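Note sheet for the following structure.
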Amino acid sequence: MFKKTITALAAFAITGCASIQIPADRLERSEASVRAAEEMGASAVPAARLHLQMAKDQTEAAKRMAGNGDERAVLVLARAEADAELALGMAREVTTHNDAERASEDLKAVKARTLP
Amino acid sequence: MNFKPQNVVIGLSLFGLLGGCATVTPPQLVEAREAYNVSSNGLAAKLTPTELYDAKKVLDKANKEFEDKGDTAEVRDYSYIAKRKIELAEVKARTELDRQRIAEAVKQGVVVRDTQMKDLQAGLVKTREQLEAEKNNGALKDKDLANTTAQLEAEKQARMTAEAKLAGAMKDLAAIAAVKEEARGVVITLSGSVLFASGKYALLETAKTKLDQVAEALKAQSDDKRMIVEGHTDSQGSDATNKPLSLNRANAVREYLVTKGVDSSKITAVGLASSRPLVDNNTAENRANNRRVEIVIQPAQVSAR
């Protein structure tokens, strides 16, 4: 009986401490999205900054969950990637919108100018 | 009430069924569904349908997971991801709209600049044509000026030639007659004895040679000058005799000059008898000097304006 109990506890310990492997390309893709969003200036856009932070937090959470053997780590990493891509998109939107406004102003100026 | 075991089984079964149907849809899934409904009828459906389709696939997973297993962490994760992808599709759609605005502005800018350049070029062509026209006009004016200058030069040359001819004629005349400037004009004095026999008014043949030179001098005068031939006598004899004699002599000279080309409309003849002697008539020499014919070339008359 004792032998059986020891064997069961050992098996539980091994199972509880086992980590899972997050696919390297998934992690790399998520981290690349975070870097791209930062480079695009997401930190300067309030809404984008929120999603960028959420992406970072969830990436760290996913790593911890993977270390703890939680298979949900992969989905949390996917959440992080979705937030990072949204942050990147929002940063691009602001840049492009500013460019569009500038183009409209330029066009107005061109239309208004009087050539000699 | 009688207790029946089969009723307990039925009751428990109904409770289980009702309990299963009452599983609450997680808020993440509700939000994702609502977001998708809005986007599928909005800008993203038109401008970023591929992104919206990716979001739909994740939302389908969430729905399937929820149908199969109810409210699980995976359902919430898929719903969360689906909602973020829907938002991303919206963001990209707005970005695409701005890109289209930029492209349109650039396109319009090109058209406007092109139109402005064409207008500018047309203006330049017009200005160049005006300049060319003004230049040609100036050239014409220059040509007119050159013509006028040439005409003036020709007239000047002709006048100089005429004056030289006149000077030459007057110089020749001075050799045969007295020529002097007076207030009434240039006076050419010819001795009566050279021109006529005593008491006669027919010109002597020798006089004609001299009158030929006089005629040349008179013809050399400018057209605007008038001439008067004056016949003068001494004081011997009566006026009744001298007056017609002086007039006849003046006419004889005038007519001869006209035959030699002097314009008849510009030359007249008068007989003044002894009314204007040069010197007194006391001596024979003085009387000879008083018997004379004078041709007065009057100064050009200034026309009244």
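Chain labels follow the order of the structure tokens: the first chain is A, the next B, and so on; residue numbering restarts at 1 in every chain, and ligands are counted from 1 in their shown order.
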Residues of chain A within 10 Å of chain B, only C-alpha atoms counted, as a VMD selection string: chain A and resid 51 72 75 to 111 113 to 116
Find the residues around Val262 of chain B up to 7 Å (only C-alpha atoms counted), leave out those fewer than 2 positions away in its own chain, and share them as a JSON list (two decimals) with C-alpha atoms, in the first residue's frame.
```
[["chain", "number", "residue", "atom", "x", "y", "z"],
["B", 215, "ALA", "CA", 15.31, 133.71, -116.20],
["B", 218, "LEU", "CA", 14.28, 133.32, -111.26],
["B", 219, "LYS", "CA", 13.40, 129.72, -112.06],
["B", 257, "LEU", "CA", 10.97, 135.69, -118.96],
["B", 258, "VAL", "CA", 7.74, 133.70, -119.16],
["B", 260, "LYS", "CA", 11.97, 131.20, -120.86],
["B", 264, "SER", "CA", 3.51, 133.38, -115.38]]
```
Using only C-alpha atoms, which residues sit within 7 Å of Leu52 of chain A once same-chain residues fewer than 2 positions away are excluded, as a PDB file with C-alpha atoms, in the first residue's frame?
```pdb
ATOM      1  CA  VAL A  34       4.977  43.905 -30.351  1.00  0.00           C
ATOM      2  CA  ALA A  48      -2.667  51.627 -29.210  1.00  0.00           C
ATOM      3  CA  ARG A  49      -0.545  51.952 -26.080  1.00  0.00           C
ATOM      4  CA  LEU A  50      -3.221  50.055 -24.079  1.00  0.00           C
ATOM      5  CA  MET A  54      -1.928  44.059 -22.967  1.00  0.00           C
ATOM      6  CA  ALA A  55       0.089  42.228 -25.633  1.00  0.00           C
ATOM      7  CA  LYS A  56       3.224  42.400 -23.534  1.00  0.00           C
ATOM      8  CA  ASP A  83      -3.510  42.835 -29.284  1.00  0.00           C
ATOM      9  CA  ALA A  84      -0.062  43.580 -30.724  1.00  0.00           C
ATOM     10  CA  ALA A  87      -1.806  48.229 -31.596  1.00  0.00           C
TER      11      ALA A  87
END
```
Neighbour list for segment 270-280 of chain B as a ChimeraX atom specification, cut-off 6 Å, only C-alpha atoms, skip fewer than 6 positions in-chain: /B:230-235,242-243,246-247,290
Test item, alpha helix (DSSP H) assignment across segment 121-269 of chain B, answer as a short mmCIF file (atom, residue, chain, number, x, y, z; two decimals) with N, CA and C atoms, in the first residue's frame:
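Written out: part-v5.cif:
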```
data_model
loop_
_atom_site.label_atom_id
_atom_site.label_comp_id
_atom_site.auth_asym_id
_atom_site.auth_seq_id
_atom_site.Cartn_x
_atom_site.Cartn_y
_atom_site.Cartn_z
N GLN B 121 1.70 78.25 -69.28
CA GLN B 121 2.34 78.17 -70.60
C GLN B 121 1.55 78.98 -71.62
N ALA B 122 0.20 78.88 -71.52
CA ALA B 122 -0.65 79.66 -72.45
C ALA B 122 -0.40 81.16 -72.25
N GLY B 123 -0.29 81.54 -70.96
CA GLY B 123 0.00 82.95 -70.66
C GLY B 123 1.33 83.39 -71.22
N LEU B 124 2.31 82.49 -71.11
CA LEU B 124 3.64 82.81 -71.63
C LEU B 124 3.61 82.97 -73.15
N VAL B 125 2.87 82.05 -73.79
CA VAL B 125 2.75 82.13 -75.26
C VAL B 125 2.10 83.45 -75.66
N LYS B 126 1.04 83.82 -74.91
CA LYS B 126 0.32 85.05 -75.22
C LYS B 126 1.24 86.26 -75.02
N THR B 127 1.96 86.23 -73.90
CA THR B 127 2.89 87.34 -73.62
C THR B 127 3.96 87.43 -74.71
N ARG B 128 4.46 86.23 -75.11
CA ARG B 128 5.49 86.21 -76.15
C ARG B 128 4.94 86.78 -77.45
N GLU B 129 3.67 86.40 -77.76
CA GLU B 129 3.05 86.92 -78.99
C GLU B 129 2.87 88.44 -78.93
N GLN B 130 2.46 88.91 -77.72
CA GLN B 130 2.29 90.35 -77.56
C GLN B 130 3.62 91.06 -77.74
N LEU B 131 4.66 90.46 -77.13
CA LEU B 131 5.99 91.06 -77.26
C LEU B 131 6.43 91.09 -78.72
N GLU B 132 6.12 89.95 -79.40
CA GLU B 132 6.50 89.86 -80.81
C GLU B 132 5.76 90.92 -81.63
N ALA B 133 4.43 91.05 -81.30
CA ALA B 133 3.63 92.05 -82.02
C ALA B 133 4.16 93.45 -81.77
N GLU B 134 4.48 93.71 -80.48
CA GLU B 134 5.01 95.03 -80.14
C GLU B 134 6.35 95.28 -80.84
N LYS B 135 7.12 94.18 -80.89
CA LYS B 135 8.43 94.29 -81.55
C LYS B 135 8.23 94.62 -83.04
N ASN B 136 7.28 93.88 -83.66
CA ASN B 136 7.00 94.13 -85.08
C ASN B 136 6.48 95.54 -85.30
N ASN B 137 5.58 95.96 -84.38
CA ASN B 137 5.04 97.30 -84.46
C ASN B 137 6.16 98.33 -84.37
N GLY B 138 7.07 98.06 -83.43
CA GLY B 138 8.24 98.93 -83.27
C GLY B 138 9.08 98.95 -84.53
N ALA B 139 9.20 97.74 -85.14
CA ALA B 139 9.99 97.64 -86.36
C ALA B 139 9.35 98.46 -87.48
N LEU B 140 7.98 98.37 -87.50
CA LEU B 140 7.28 99.15 -88.51
C LEU B 140 7.50 100.64 -88.29
N LYS B 141 7.41 101.01 -86.98
CA LYS B 141 7.63 102.42 -86.67
C LYS B 141 9.05 102.83 -87.06
N ASP B 142 9.98 101.93 -86.78
CA ASP B 142 11.36 102.21 -87.16
C ASP B 142 11.46 102.39 -88.67
N LYS B 143 10.68 101.50 -89.39
CA LYS B 143 10.73 101.57 -90.85
C LYS B 143 10.16 102.91 -91.33
N ASP B 144 8.98 103.28 -90.72
CA ASP B 144 8.38 104.56 -91.07
C ASP B 144 9.36 105.69 -90.80
N LEU B 145 9.98 105.60 -89.63
CA LEU B 145 10.92 106.65 -89.24
C LEU B 145 12.07 106.73 -90.24
N ALA B 146 12.52 105.51 -90.64
CA ALA B 146 13.63 105.47 -91.61
C ALA B 146 13.21 106.08 -92.93
N ASN B 147 11.94 105.75 -93.34
CA ASN B 147 11.43 106.33 -94.58
C ASN B 147 11.34 107.85 -94.49
N THR B 148 10.77 108.28 -93.35
CA THR B 148 10.63 109.73 -93.16
C THR B 148 12.00 110.40 -93.16
N THR B 149 12.92 109.77 -92.46
CA THR B 149 14.27 110.33 -92.41
C THR B 149 14.88 110.40 -93.80
N ALA B 150 14.65 109.31 -94.57
CA ALA B 150 15.19 109.29 -95.93
C ALA B 150 14.56 110.39 -96.78
N GLN B 151 13.21 110.55 -96.57
CA GLN B 151 12.53 111.61 -97.32
C GLN B 151 13.08 112.98 -96.95
N LEU B 152 13.21 113.17 -95.63
CA LEU B 152 13.75 114.45 -95.16
C LEU B 152 15.14 114.69 -95.73
N GLU B 153 15.91 113.61 -95.71
CA GLU B 153 17.28 113.71 -96.22
C GLU B 153 17.27 114.06 -97.71
N ALA B 154 16.34 113.39 -98.43
CA ALA B 154 16.23 113.66 -99.87
C ALA B 154 15.82 115.10 -100.12
N GLU B 155 14.81 115.53 -99.28
CA GLU B 155 14.36 116.91 -99.44
C GLU B 155 15.48 117.90 -99.12
N LYS B 156 16.20 117.56 -98.06
CA LYS B 156 17.33 118.42 -97.66
C LYS B 156 18.34 118.51 -98.79
N GLN B 157 18.58 117.31 -99.36
CA GLN B 157 19.56 117.25 -100.45
C GLN B 157 19.08 118.07 -101.64
N ALA B 158 17.76 117.89 -101.93
CA ALA B 158 17.19 118.64 -103.06
C ALA B 158 17.26 120.14 -102.81
N ARG B 159 16.95 120.51 -101.53
CA ARG B 159 16.99 121.94 -101.19
C ARG B 159 18.40 122.49 -101.32
N MET B 160 19.35 121.69 -100.84
CA MET B 160 20.75 122.12 -100.92
C MET B 160 21.17 122.27 -102.38
N THR B 161 20.69 121.31 -103.20
CA THR B 161 21.02 121.38 -104.63
C THR B 161 20.41 122.65 -105.25
N ALA B 162 19.13 122.87 -104.87
CA ALA B 162 18.44 124.06 -105.41
C ALA B 162 19.12 125.34 -104.96
N GLU B 163 19.49 125.34 -103.66
CA GLU B 163 20.13 126.54 -103.14
C GLU B 163 21.48 126.78 -103.82
N ALA B 164 22.18 125.65 -104.06
CA ALA B 164 23.47 125.77 -104.74
C ALA B 164 23.28 126.30 -106.16
N LYS B 165 22.20 125.77 -106.79
CA LYS B 165 21.89 126.21 -108.17
C LYS B 165 21.52 127.70 -108.17
N LEU B 166 20.68 128.06 -107.15
CA LEU B 166 20.27 129.46 -107.02
C LEU B 166 21.48 130.36 -106.77
N ALA B 167 22.35 129.90 -105.88
CA ALA B 167 23.55 130.69 -105.56
C ALA B 167 24.40 130.89 -106.81
N GLY B 168 24.51 129.80 -107.58
CA GLY B 168 25.29 129.87 -108.82
C GLY B 168 24.65 130.84 -109.81
N ALA B 169 23.29 130.72 -109.92
CA ALA B 169 22.58 131.59 -110.86
C ALA B 169 22.68 133.05 -110.44
N MET B 170 22.54 133.27 -109.12
CA MET B 170 22.62 134.65 -108.62
C MET B 170 24.03 135.21 -108.80
N LYS B 171 25.02 134.34 -108.66
CA LYS B 171 26.41 134.76 -108.85
C LYS B 171 26.63 135.17 -110.32
N ASP B 172 26.08 134.33 -111.23
CA ASP B 172 26.20 134.64 -112.66
C ASP B 172 25.48 135.95 -112.98
N LEU B 173 24.33 136.09 -112.30
CA LEU B 173 23.51 137.28 -112.53
C LEU B 173 24.24 138.55 -112.08
N ALA B 174 24.96 138.40 -111.01
CA ALA B 174 25.68 139.56 -110.46
C ALA B 174 26.71 140.12 -111.45
N ALA B 175 27.12 139.27 -112.37
CA ALA B 175 28.11 139.71 -113.36
C ALA B 175 27.49 140.64 -114.41
N ILE B 176 26.16 140.52 -114.59
CA ILE B 176 25.51 141.32 -115.64
C ILE B 176 24.52 142.32 -115.09
N GLY B 192 18.27 150.35 -118.39
CA GLY B 192 17.32 150.50 -119.48
C GLY B 192 18.02 150.56 -120.84
N SER B 193 19.20 151.15 -120.85
CA SER B 193 19.91 151.29 -122.13
C SER B 193 20.42 149.95 -122.64
N VAL B 194 20.60 149.04 -121.76
CA VAL B 194 21.04 147.70 -122.17
C VAL B 194 19.88 146.92 -122.78
N LEU B 195 18.65 147.24 -122.32
CA LEU B 195 17.50 146.42 -122.72
C LEU B 195 16.75 147.00 -123.93
N GLU B 205 18.31 142.59 -128.98
CA GLU B 205 18.78 141.19 -129.06
C GLU B 205 19.84 140.91 -128.01
N THR B 206 20.67 141.91 -127.76
CA THR B 206 21.72 141.71 -126.76
C THR B 206 21.12 141.57 -125.36
N ALA B 207 19.92 142.22 -125.18
CA ALA B 207 19.29 142.14 -123.87
C ALA B 207 18.79 140.72 -123.57
N LYS B 208 18.40 140.04 -124.63
CA LYS B 208 17.82 138.71 -124.43
C LYS B 208 18.82 137.73 -123.81
N THR B 209 20.07 137.87 -124.20
CA THR B 209 21.08 136.98 -123.63
C THR B 209 21.17 137.15 -122.12
N LYS B 210 21.11 138.46 -121.73
CA LYS B 210 21.18 138.72 -120.29
C LYS B 210 19.91 138.25 -119.58
N LEU B 211 18.78 138.49 -120.27
CA LEU B 211 17.52 138.04 -119.64
C LEU B 211 17.44 136.51 -119.52
N ASP B 212 18.14 135.82 -120.41
CA ASP B 212 18.19 134.35 -120.28
C ASP B 212 18.78 133.97 -118.93
N GLN B 213 19.86 134.67 -118.55
CA GLN B 213 20.50 134.36 -117.26
C GLN B 213 19.58 134.75 -116.10
N VAL B 214 18.88 135.91 -116.33
CA VAL B 214 17.92 136.32 -115.28
C VAL B 214 16.83 135.25 -115.11
N ALA B 215 16.35 134.75 -116.25
CA ALA B 215 15.31 133.71 -116.20
C ALA B 215 15.78 132.49 -115.42
N GLU B 216 17.02 132.09 -115.65
CA GLU B 216 17.56 130.92 -114.91
C GLU B 216 17.58 131.19 -113.41
N ALA B 217 17.96 132.41 -113.04
CA ALA B 217 18.02 132.75 -111.61
C ALA B 217 16.62 132.76 -111.00
N LEU B 218 15.65 133.27 -111.79
CA LEU B 218 14.28 133.32 -111.26
C LEU B 218 13.66 131.92 -111.13
N LYS B 219 13.96 131.08 -112.12
CA LYS B 219 13.40 129.72 -112.06
C LYS B 219 14.00 128.93 -110.89
N ASP B 239 4.54 162.29 -117.72
CA ASP B 239 4.07 161.00 -117.17
C ASP B 239 3.19 160.26 -118.17
N ALA B 240 2.46 161.09 -118.93
CA ALA B 240 1.57 160.47 -119.92
C ALA B 240 2.37 159.65 -120.93
N THR B 241 3.61 160.08 -121.15
CA THR B 241 4.47 159.31 -122.05
C THR B 241 5.22 158.23 -121.29
N ASN B 242 5.79 158.67 -120.17
CA ASN B 242 6.65 157.74 -119.41
C ASN B 242 5.90 156.57 -118.77
N LYS B 243 4.68 156.84 -118.35
CA LYS B 243 3.94 155.77 -117.64
C LYS B 243 3.70 154.56 -118.53
N PRO B 244 3.09 154.75 -119.73
CA PRO B 244 2.91 153.56 -120.57
C PRO B 244 4.22 152.97 -121.05
N LEU B 245 5.23 153.86 -121.24
CA LEU B 245 6.52 153.34 -121.70
C LEU B 245 7.12 152.40 -120.63
N SER B 246 7.04 152.84 -119.39
CA SER B 246 7.63 152.00 -118.32
C SER B 246 6.86 150.69 -118.15
N LEU B 247 5.52 150.80 -118.32
CA LEU B 247 4.72 149.58 -118.20
C LEU B 247 4.98 148.62 -119.35
N ASN B 248 5.08 149.20 -120.56
CA ASN B 248 5.32 148.34 -121.73
C ASN B 248 6.68 147.64 -121.61
N ARG B 249 7.67 148.41 -121.15
CA ARG B 249 9.01 147.81 -120.99
C ARG B 249 8.97 146.67 -119.95
N ALA B 250 8.22 146.94 -118.83
CA ALA B 250 8.13 145.90 -117.78
C ALA B 250 7.44 144.66 -118.33
N ASN B 251 6.40 144.88 -119.12
CA ASN B 251 5.68 143.75 -119.71
C ASN B 251 6.54 142.98 -120.70
N ALA B 252 7.32 143.76 -121.46
CA ALA B 252 8.19 143.10 -122.45
C ALA B 252 9.17 142.16 -121.75
N VAL B 253 9.73 142.66 -120.65
CA VAL B 253 10.66 141.81 -119.88
C VAL B 253 9.92 140.61 -119.29
N ARG B 254 8.76 140.87 -118.70
CA ARG B 254 8.00 139.77 -118.07
C ARG B 254 7.67 138.68 -119.09
N GLU B 255 7.18 139.13 -120.25
CA GLU B 255 6.76 138.15 -121.25
C GLU B 255 7.94 137.33 -121.75
N TYR B 256 9.06 137.98 -121.88
CA TYR B 256 10.23 137.22 -122.33
C TYR B 256 10.64 136.19 -121.27
N LEU B 257 10.60 136.63 -120.04
CA LEU B 257 10.97 135.69 -118.96
C LEU B 257 10.01 134.50 -118.92
N VAL B 258 8.73 134.79 -119.16
CA VAL B 258 7.74 133.70 -119.16
C VAL B 258 8.05 132.71 -120.28
N THR B 259 8.43 133.25 -121.44
CA THR B 259 8.77 132.35 -122.55
C THR B 259 9.98 131.49 -122.22
#
```
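Atom CA of Ser19 of chain A is found 9.4 Å from atom CA of Arg64 of chain A.
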Which of segment 125-221 of chain B fall in strand (DSSP E or B), as number ranges by chain: B: 178-182, 185-191, 196, 203
Close residues, Arg26 of chain A itself excluded, 10 Å, only C-alpha atoms, min 2 positions apart in chain, as a list of chain:residue names: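 Residues near the query, excluding close chain neighbours: A:Ile22, A:Pro23, A:Ala24, A:Glu28, A:Arg29, A:Ser30, A:Glu31, A:Ala32, A:Val74, A:Leu77, A:Ala78, A:Glu81.
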